Amino acid sequence: MDVVVIGAGQAGLSAAYFLGRAGLDHVVLDAEEGPGGAWRHRWPTLRMATVHGIHDLPGMPFDPPDPAARANEALPAYFADFERRNGIAVRRPVRVRAVRDDGGLLAVETDRGVLRARALVNATGTWTRPFWPRYPGQELFRGRQLHSSQYRGPEEFAGGHVVVVGGGTSAVQQLLEIAGTATTTWVTRREPVFRDEPFTPEVGRAAVALVEDRVRAGLPPRSVVDVTGLSLTPAVRAALADGTLDRRPVFDRITEDGVVWADGAAVRADAILWATGFRAALDHLAPLRLRGPGGGIRLDGTRVVADPRVHLVGYGPSASTVGATRAGRAAARELRDLLTRERAA
């Protein structure tokens, strides 16, 4: 076939939409049991009122549901409706194990067999690769350690003390929930930056451009949220005013019952919540040897410079919903042109 799309999150569905409009024969593979991508796994207490910005899938405006609706239900329903309306037949659950060069074609090896295509759009996101930093003494801690991807709600911490590590949106949202049932300490590596102005399309495009500069240079991407900063919502303002979001620099080491700073200050903890982000899920592309000396995959737009048959969407500048539609459109346009030239030759 012409193109295999791996992943049916927002970037993958956007790419499939534009590939169809470009007349390219393609198939979409997704490891999930149903529609929704990473939204299927968001914690149950995350409501639409606090979701950090949702941008429409192409040609289908998102009609915001009740602000009290669960994000892990409302967004998958929107994705499912998009798939139905646009006739996008996603094959799932299909897990891709490796992609290899096979005599000019790309062999996509899955748990359901091997597919061969002239080109590939990779849209596997980051959700399956949570990042856990390492600190001295981490293995000694007798309390609970969990990543933000494992967080299910504040009730499990009731009456305890939780150290929340991380300066992103998930860290703040989860800390504010936990603070209603437990005491908290918030630590980050860098001083958090709070954004007072509205998150306009112009702000989003400027943030995407900064991330794009890194991947164009072949460097590992920063997240778009790292660039935009944290929104000063009414809840965040209140938490800053009452001291709930009293940030401390990251600790020096972990002990059996808490964390300790270099100056000897210590905090006892029942749990450490690592809201420390994710890394791109690209291990299956390793046989193609796409990474450069900078540690990242050098892109020109969405096209991998080392192999123009491969496009990455939902990576770097398109890793948030801000850039997903634009990335899908760009990948489909470039692949249409590439495959047209190949046929003509």
# chains A, B, ... in the order shown; residues from 1 in each chain; ligands from 1
>>> select_by_dssp(residues="range 43-129 of chain A", states="helix (DSSP H, G or I)", output="CSV table (one decimal) with C-alpha atoms, in the first residue's frame")
chain,number,residue,atom,x,y,z
A,48,MET,CA,-13.4,19.0,30.9
A,49,ALA,CA,-13.4,22.3,32.8
A,50,THR,CA,-9.7,21.8,33.6
A,71,ALA,CA,-12.2,13.9,30.0
A,72,ASN,CA,-11.5,10.2,29.6
A,73,GLU,CA,-15.0,9.8,28.3
A,74,ALA,CA,-15.8,13.0,26.4
A,75,LEU,CA,-12.6,13.0,24.2
A,76,PRO,CA,-12.7,9.4,23.2
A,77,ALA,CA,-16.3,9.9,22.2
A,78,TYR,CA,-15.3,12.8,20.0
A,79,PHE,CA,-12.5,10.7,18.4
A,80,ALA,CA,-14.9,7.8,17.8
A,81,ASP,CA,-17.4,10.2,16.1
A,82,PHE,CA,-14.6,11.6,13.9
A,83,GLU,CA,-13.6,8.0,12.8
A,84,ARG,CA,-17.2,7.2,12.0
A,85,ARG,CA,-18.0,10.4,10.1
>>> residues_around(residues="Trp186 in chain A", least_positions_apart="6", cutoff="9 Å", atoms="only C-alpha atoms", output="VMD selection string")
chain A and resid 162 to 167 171 to 172 175 244 to 250
>>> select_by_dssp(residues="range 48-262 of chain A", states="strand (DSSP E or B)", output="VMD selection string")
chain A and resid 57 60 70 90 to 91 96 to 102 105 to 110 113 to 117 119 to 122 130 144 to 147 161 to 165 183 to 188 194 to 195 230 to 231 247 to 249 253 to 254 258 to 260
>>> residues_around(residues="Asp111 in chain A", least_positions_apart="2", cutoff="12 Å", atoms="only C-alpha atoms", output="PyMOL selection string")
chain A and resi 29-31+91-98+108-109+113-115
>>> residues_around(residues="Phe131 in chain A", least_positions_apart="2", cutoff="9 Å", atoms="only C-alpha atoms", output="number ranges by chain")
A: 129, 133, 147, 274-279
>>> residues_around(residues="Arg21 in chain A", least_positions_apart="5", cutoff="10 Å", atoms="only C-alpha atoms", output="count of residues only")
5
>>> closest_atom_pairs(of="range 49-140 of chain A", to="range 322-326 of chain A", cutoff="10 Å", atoms="only C-alpha atoms", output="JSON lines")
{"residue": "A:Gly53", "atom": "CA", "partner": "A:Val322", "partner_atom": "CA", "distance": 8.3}
{"residue": "A:Ile54", "atom": "CA", "partner": "A:Val322", "partner_atom": "CA", "distance": 7.7}
{"residue": "A:His55", "atom": "CA", "partner": "A:Val322", "partner_atom": "CA", "distance": 6.0}
{"residue": "A:Asp56", "atom": "CA", "partner": "A:Thr325", "partner_atom": "CA", "distance": 8.0}
{"residue": "A:Leu57", "atom": "CA", "partner": "A:Thr325", "partner_atom": "CA", "distance": 6.5}
{"residue": "A:Pro58", "atom": "CA", "partner": "A:Thr325", "partner_atom": "CA", "distance": 6.2}
{"residue": "A:Gly59", "atom": "CA", "partner": "A:Thr325", "partner_atom": "CA", "distance": 9.9}
{"residue": "A:Ala123", "atom": "CA", "partner": "A:Ala324", "partner_atom": "CA", "distance": 9.6}
